[in-house]
>>> print(open('run26.pdb').read())   # PDB, C-alpha atoms, pLDDT in the B column
ATOM      1  CA  MET A   1     127.114   0.473 195.534  1.00 39.00           C
ATOM      2  CA  THR A   2     130.709   0.396 194.303  1.00 41.00           C
ATOM      3  CA  SER A   3     132.184  -2.503 192.403  1.00 44.00           C
ATOM      4  CA  GLU A   4     134.277  -3.367 195.475  1.00 46.00           C
ATOM      5  CA  ALA A   5     131.070  -3.987 197.423  1.00 52.00           C
ATOM      6  CA  LEU A   6     130.022  -6.541 194.802  1.00 93.00           C
ATOM      7  CA  GLU A   7     132.643  -9.048 195.880  1.00 97.00           C
ATOM      8  CA  ILE A   8     132.391 -11.762 198.488  1.00 97.00           C
ATOM      9  CA  ARG A   9     135.732 -13.002 199.757  1.00 98.00           C
ATOM     10  CA  THR A  10     136.542 -15.516 202.475  1.00 98.00           C
ATOM     11  CA  THR A  11     139.825 -17.019 203.603  1.00 98.00           C
ATOM     12  CA  VAL A  12     140.957 -19.851 205.837  1.00 98.00           C
ATOM     13  CA  ASP A  13     144.435 -20.893 206.958  1.00 98.00           C
ATOM     14  CA  ILE A  14     145.031 -24.619 206.568  1.00 98.00           C
ATOM     15  CA  GLU A  15     147.787 -26.646 208.192  1.00 98.00           C
ATOM     16  CA  ALA A  16     148.473 -28.674 205.052  1.00 98.00           C
ATOM     17  CA  ALA A  17     150.663 -28.242 202.008  1.00 97.00           C
ATOM     18  CA  PRO A  18     149.158 -26.437 199.006  1.00 98.00           C
ATOM     19  CA  ASP A  19     149.377 -29.617 196.903  1.00 97.00           C
ATOM     20  CA  ARG A  20     147.167 -31.453 199.443  1.00 98.00           C
ATOM     21  CA  VAL A  21     144.568 -28.659 199.316  1.00 98.00           C
ATOM     22  CA  TRP A  22     144.716 -28.602 195.498  1.00 98.00           C
ATOM     23  CA  GLN A  23     144.268 -32.382 195.366  1.00 98.00           C
ATOM     24  CA  LEU A  24     141.055 -32.116 197.396  1.00 98.00           C
ATOM     25  CA  LEU A  25     139.753 -29.268 195.220  1.00 98.00           C
ATOM     26  CA  MET A  26     140.425 -31.187 191.996  1.00 98.00           C
ATOM     27  CA  GLU A  27     138.773 -34.430 193.152  1.00 97.00           C
ATOM     28  CA  PHE A  28     135.353 -33.202 192.037  1.00 97.00           C
ATOM     29  CA  ASP A  29     133.655 -36.587 192.505  1.00 95.00           C
ATOM     30  CA  ASP A  30     134.480 -36.486 196.231  1.00 97.00           C
ATOM     31  CA  TYR A  31     132.841 -33.100 196.856  1.00 97.00           C
ATOM     32  CA  GLN A  32     129.626 -34.747 197.997  1.00 94.00           C
ATOM     33  CA  VAL A  33     131.627 -36.457 200.775  1.00 95.00           C
ATOM     34  CA  TRP A  34     133.166 -33.366 202.363  1.00 97.00           C
ATOM     35  CA  ASN A  35     131.841 -30.194 200.711  1.00 96.00           C
ATOM     36  CA  PRO A  36     128.558 -28.785 202.078  1.00 94.00           C
ATOM     37  CA  PHE A  37     128.370 -26.019 199.425  1.00 95.00           C
ATOM     38  CA  ILE A  38     129.639 -27.280 196.053  1.00 96.00           C
ATOM     39  CA  ARG A  39     128.139 -30.744 195.822  1.00 95.00           C
ATOM     40  CA  GLY A  40     129.665 -31.688 192.494  1.00 95.00           C
ATOM     41  CA  ILE A  41     131.548 -30.494 189.436  1.00 98.00           C
ATOM     42  CA  LYS A  42     131.961 -32.157 186.071  1.00 97.00           C
ATOM     43  CA  ALA A  43     134.386 -30.714 183.538  1.00 97.00           C
ATOM     44  CA  ASP A  44     134.682 -31.225 179.794  1.00 96.00           C
ATOM     45  CA  LYS A  45     138.348 -30.152 180.126  1.00 95.00           C
ATOM     46  CA  LEU A  46     140.372 -28.563 182.912  1.00 96.00           C
ATOM     47  CA  SER A  47     141.859 -25.611 181.093  1.00 97.00           C
ATOM     48  CA  ILE A  48     140.925 -22.045 180.236  1.00 98.00           C
ATOM     49  CA  GLY A  49     137.779 -22.118 178.105  1.00 98.00           C
ATOM     50  CA  GLY A  50     136.634 -25.475 179.464  1.00 98.00           C
ATOM     51  CA  THR A  51     133.044 -25.902 180.578  1.00 98.00           C
ATOM     52  CA  LEU A  52     132.138 -26.796 184.153  1.00 98.00           C
ATOM     53  CA  TYR A  53     128.807 -28.300 185.183  1.00 98.00           C
ATOM     54  CA  ILE A  54     128.359 -27.267 188.805  1.00 97.00           C
ATOM     55  CA  ARG A  55     125.890 -28.284 191.497  1.00 96.00           C
ATOM     56  CA  VAL A  56     125.706 -26.164 194.667  1.00 95.00           C
ATOM     57  CA  ARG A  57     123.592 -25.907 197.802  1.00 90.00           C
ATOM     58  CA  ARG A  58     123.068 -22.377 199.027  1.00 78.00           C
ATOM     59  CA  PRO A  59     122.704 -22.365 201.978  1.00 71.00           C
ATOM     60  CA  PRO A  60     124.097 -25.824 202.805  1.00 61.00           C
ATOM     61  CA  GLY A  61     121.259 -28.270 203.332  1.00 66.00           C
ATOM     62  CA  SER A  62     118.893 -26.590 200.854  1.00 77.00           C
ATOM     63  CA  GLU A  63     117.948 -27.954 197.437  1.00 85.00           C
ATOM     64  CA  SER A  64     120.686 -28.120 194.822  1.00 88.00           C
ATOM     65  CA  ILE A  65     121.097 -25.499 192.124  1.00 92.00           C
ATOM     66  CA  ARG A  66     122.809 -26.468 188.849  1.00 95.00           C
ATOM     67  CA  TYR A  67     124.576 -24.184 186.423  1.00 95.00           C
ATOM     68  CA  THR A  68     127.299 -24.179 183.780  1.00 97.00           C
ATOM     69  CA  ALA A  69     130.336 -21.932 183.697  1.00 97.00           C
ATOM     70  CA  LYS A  70     133.472 -21.355 181.647  1.00 98.00           C
ATOM     71  CA  ILE A  71     136.929 -21.673 183.169  1.00 98.00           C
ATOM     72  CA  THR A  72     138.590 -18.253 183.035  1.00 98.00           C
ATOM     73  CA  ASP A  73     141.820 -19.028 184.895  1.00 98.00           C
ATOM     74  CA  PHE A  74     143.551 -22.319 185.602  1.00 98.00           C
ATOM     75  CA  LYS A  75     146.914 -22.471 187.343  1.00 98.00           C
ATOM     76  CA  PRO A  76     147.478 -26.046 188.538  1.00 97.00           C
ATOM     77  CA  GLY A  77     148.275 -26.105 192.230  1.00 97.00           C
ATOM     78  CA  ALA A  78     147.246 -22.486 192.731  1.00 98.00           C
ATOM     79  CA  GLU A  79     143.949 -21.320 191.199  1.00 98.00           C
ATOM     80  CA  ILE A  80     140.824 -22.218 189.322  1.00 98.00           C
ATOM     81  CA  SER A  81     138.297 -19.541 188.362  1.00 98.00           C
ATOM     82  CA  TRP A  82     135.095 -19.712 186.386  1.00 98.00           C
ATOM     83  CA  ARG A  83     132.485 -17.303 185.060  1.00 97.00           C
ATOM     84  CA  ARG A  84     128.809 -17.758 184.446  1.00 95.00           C
ATOM     85  CA  THR A  85     126.439 -15.387 182.733  1.00 93.00           C
ATOM     86  CA  MET A  86     122.684 -15.066 182.776  1.00 87.00           C
ATOM     87  CA  GLY A  87     120.457 -13.169 180.398  1.00 82.00           C
ATOM     88  CA  PHE A  88     121.395 -11.162 177.362  1.00 78.00           C
ATOM     89  CA  GLY A  89     123.503  -8.044 177.021  1.00 71.00           C
ATOM     90  CA  GLY A  90     125.352  -8.270 180.323  1.00 76.00           C
ATOM     91  CA  LEU A  91     122.273  -8.682 182.485  1.00 91.00           C
ATOM     92  CA  PHE A  92     124.201 -10.624 185.136  1.00 92.00           C
ATOM     93  CA  ALA A  93     127.532 -12.413 185.512  1.00 94.00           C
ATOM     94  CA  SER A  94     129.479 -13.840 188.393  1.00 95.00           C
ATOM     95  CA  GLU A  95     133.059 -15.030 188.589  1.00 97.00           C
ATOM     96  CA  HIS A  96     134.088 -17.542 191.214  1.00 98.00           C
ATOM     97  CA  ALA A  97     137.721 -18.139 192.202  1.00 98.00           C
ATOM     98  CA  MET A  98     139.387 -20.709 194.433  1.00 98.00           C
ATOM     99  CA  ILE A  99     142.963 -19.704 195.180  1.00 98.00           C
ATOM    100  CA  ILE A 100     145.665 -21.406 197.247  1.00 98.00           C
ATOM    101  CA  VAL A 101     148.626 -19.449 198.641  1.00 98.00           C
ATOM    102  CA  GLN A 102     151.499 -21.124 200.456  1.00 97.00           C
ATOM    103  CA  ARG A 103     151.950 -20.060 204.103  1.00 95.00           C
ATOM    104  CA  GLY A 104     155.301 -20.876 205.676  1.00 90.00           C
ATOM    105  CA  HIS A 105     156.918 -24.224 204.906  1.00 88.00           C
ATOM    106  CA  PHE A 106     153.888 -26.450 205.274  1.00 90.00           C
ATOM    107  CA  GLY A 107     150.745 -24.324 205.447  1.00 97.00           C
ATOM    108  CA  SER A 108     148.249 -22.883 202.998  1.00 98.00           C
ATOM    109  CA  CYS A 109     145.775 -20.050 202.809  1.00 98.00           C
ATOM    110  CA  PHE A 110     142.629 -20.862 200.849  1.00 98.00           C
ATOM    111  CA  ILE A 111     140.824 -17.885 199.325  1.00 98.00           C
ATOM    112  CA  GLN A 112     137.347 -18.141 197.881  1.00 98.00           C
ATOM    113  CA  ARG A 113     135.931 -15.184 195.987  1.00 98.00           C
ATOM    114  CA  GLU A 114     132.805 -14.301 194.000  1.00 97.00           C
ATOM    115  CA  ARG A 115     132.496 -11.119 191.938  1.00 97.00           C
ATOM    116  CA  PHE A 116     129.165  -9.914 190.583  1.00 96.00           C
ATOM    117  CA  SER A 117     128.686  -7.701 187.516  1.00 94.00           C
ATOM    118  CA  GLY A 118     125.956  -6.608 185.131  1.00 92.00           C
ATOM    119  CA  MET A 119     122.731  -4.671 185.385  1.00 92.00           C
ATOM    120  CA  LEU A 120     121.240  -7.046 187.966  1.00 93.00           C
ATOM    121  CA  ALA A 121     124.403  -7.381 190.067  1.00 94.00           C
ATOM    122  CA  ASP A 122     123.196  -5.138 192.911  1.00 94.00           C
ATOM    123  CA  SER A 123     119.870  -6.938 193.126  1.00 94.00           C
ATOM    124  CA  VAL A 124     121.398 -10.432 193.078  1.00 92.00           C
ATOM    125  CA  TYR A 125     124.115  -9.456 195.552  1.00 94.00           C
ATOM    126  CA  ASN A 126     121.565  -7.989 197.977  1.00 94.00           C
ATOM    127  CA  ARG A 127     119.306 -11.037 197.670  1.00 93.00           C
ATOM    128  CA  ILE A 128     121.843 -13.876 198.020  1.00 92.00           C
ATOM    129  CA  GLY A 129     125.150 -12.323 199.105  1.00 93.00           C
ATOM    130  CA  SER A 130     124.845 -13.283 202.764  1.00 93.00           C
ATOM    131  CA  ASP A 131     123.862 -16.874 201.849  1.00 93.00           C
ATOM    132  CA  ILE A 132     126.866 -17.166 199.557  1.00 94.00           C
ATOM    133  CA  ALA A 133     129.224 -15.814 202.231  1.00 95.00           C
ATOM    134  CA  ALA A 134     127.851 -18.348 204.741  1.00 94.00           C
ATOM    135  CA  SER A 135     128.192 -21.135 202.175  1.00 95.00           C
ATOM    136  CA  PHE A 136     131.816 -20.149 201.448  1.00 97.00           C
ATOM    137  CA  LYS A 137     132.623 -20.221 205.167  1.00 97.00           C
ATOM    138  CA  ALA A 138     131.036 -23.663 205.543  1.00 96.00           C
ATOM    139  CA  MET A 139     133.057 -24.969 202.595  1.00 97.00           C
ATOM    140  CA  ASN A 140     136.250 -23.387 203.941  1.00 98.00           C
ATOM    141  CA  ARG A 141     135.781 -25.115 207.330  1.00 98.00           C
ATOM    142  CA  ALA A 142     135.105 -28.451 205.618  1.00 98.00           C
ATOM    143  CA  LEU A 143     138.126 -28.100 203.314  1.00 98.00           C
ATOM    144  CA  LYS A 144     140.337 -27.282 206.297  1.00 98.00           C
ATOM    145  CA  ALA A 145     139.090 -30.348 208.198  1.00 98.00           C
ATOM    146  CA  ALA A 146     139.569 -32.654 205.181  1.00 98.00           C
ATOM    147  CA  ALA A 147     143.055 -31.331 204.370  1.00 98.00           C
ATOM    148  CA  GLU A 148     144.276 -31.513 207.967  1.00 98.00           C
ATOM    149  CA  LYS A 149     143.214 -35.177 208.487  1.00 93.00           C
TER     150      LYS A 149
END
>>> encode(input="run26.pdb", output="structure tokens")
Amino acid sequence: MTSEALEIRTTVDIEAAPDRVWQLLMEFDDYQVWNPFIRGIKADKLSIGGTLYIRVRRPPGSESIRYTAKITDFKPGAEISWRRTMGFGGLFASEHAMIIVQRGHFGSCFIQRERFSGMLADSVYNRIGSDIAASFKAMNRALKAAAEK
């Protein structure tokens, strides 16, 4: 499997300004209201190097999974990315990105991406990749509905 195959990427066009989409993504306490995938995020600081405490449901409706991650990219209004690692010596890592791109005068494109790396990347990708893709799509639909209200 090539490294390209170890990426899950989904997109959705949203009829709302990028700042509206960003506002929803940064209101972590409201995730449990609209987000079927990421149920909550707490941050010690919203900047590169900050720690995130994340709770997800994969697939939506299942029990929650909690993990911590480090912010690797933070561009207010445009992108937040984080990376988590498991095990020693590069056993497994994943990097999640939420990116907003302006479309036309009033629209947005929301991109959600997960990249897997490390010795266990193939195994993890094959085991949960389709669940993650479905969870991303569910979140994308929910974000679109919330932003377009």
>>> residues_near_point(input="run26.pdb", point="(135.4, -22.9, 204.9)", cutoff="10 Å", atoms="all atoms listed in the file", output="list in words")
Thr10, Thr11, Val12, Asp13, Ile14, Asn35, Pro36, Phe37, Phe110, Ile111, Gln112, Ala133, Ala134, Ser135, Phe136, Lys137, Ala138, Met139, Asn140, Arg141, Ala142, Leu143, Lys144 and Ala145 of chain A
>>> residues_around(input="run26.pdb", residues="Glu7 of chain A", least_positions_apart="3", cutoff="7 Å", atoms="all atoms listed in the file", output="ChimeraX atom specification")
/A:4,113-116
>>> atom_distance(input="run26.pdb", atom1="atom CA of Ile99 of chain A", atom2="atom CA of Lys70 of chain A")
16.6 Å
>>> closest_residue(input="run26.pdb", among="A:Phe74, A:Tyr125, A:Phe106, A:Phe92", to="Val21 of chain A", atoms="all atoms listed in the file")
A:Phe106
>>> residues_around(input="run26.pdb", residues="Ile54 of chain A", least_positions_apart="6", cutoff="8 Å", atoms="all atoms listed in the file", output="JSON, numbers by chain")
{"A": [38, 39, 40, 41, 42, 66, 67, 68, 69]}
>>> atom_distance(input="run26.pdb", atom1="atom CA of Ala147 of chain A", atom2="atom CA of Ala16 of chain A")
6.1 Å
>>> atom_distance(input="run26.pdb", atom1="atom CA of Glu15 of chain A", atom2="atom CA of Asp73 of chain A")
25.2 Å
>>> resolve_selection(input="run26.pdb", expression="the PyMOL selection byres ((chain A and resi 118) around 8)", output="CSV table (one decimal) with C-alpha atoms, in the coordinates of the input")
chain,number,residue,atom,x,y,z
A,90,GLY,CA,125.4,-8.3,180.3
A,91,LEU,CA,122.3,-8.7,182.5
A,92,PHE,CA,124.2,-10.6,185.1
A,93,ALA,CA,127.5,-12.4,185.5
A,116,PHE,CA,129.2,-9.9,190.6
A,117,SER,CA,128.7,-7.7,187.5
A,119,MET,CA,122.7,-4.7,185.4
A,120,LEU,CA,121.2,-7.0,188.0
A,121,ALA,CA,124.4,-7.4,190.1
>>> closest_residue(input="run26.pdb", among="A:Glu27, A:Glu148, A:Asp19, A:Glu63", to="Ala78 of chain A", atoms="only C-alpha atoms")
A:Asp19
>>> closest_residue(input="run26.pdb", among="A:Ala146, A:Ala43, A:Val124, A:Leu6", to="Asp29 of chain A", atoms="only C-alpha atoms")
A:Ala43
>>> closest_residue(input="run26.pdb", among="A:Gly104, A:Gly50, A:Pro59, A:Gly129", to="Trp82 of chain A", atoms="all atoms listed in the file")
A:Gly50
>>> axis_aligned_box(input="run26.pdb", around="segment 79-91 of chain A", padding_each_side="3 Å", output="JSON")
{"center_x": 132.2, "center_y": -15.1, "center_z": 184.1, "size_x": 29.5, "size_y": 20.2, "size_z": 20.2}
>>> closest_residue(input="run26.pdb", among="A:Ser47, A:Thr72, A:Ser108, A:Gln32", to="Ser94 of chain A", atoms="all atoms listed in the file")
A:Thr72
>>> closest_residue(input="run26.pdb", among="A:Met26, A:Gly87, A:Tyr31, A:Ile100", to="Arg55 of chain A", atoms="all atoms listed in the file")
A:Tyr31
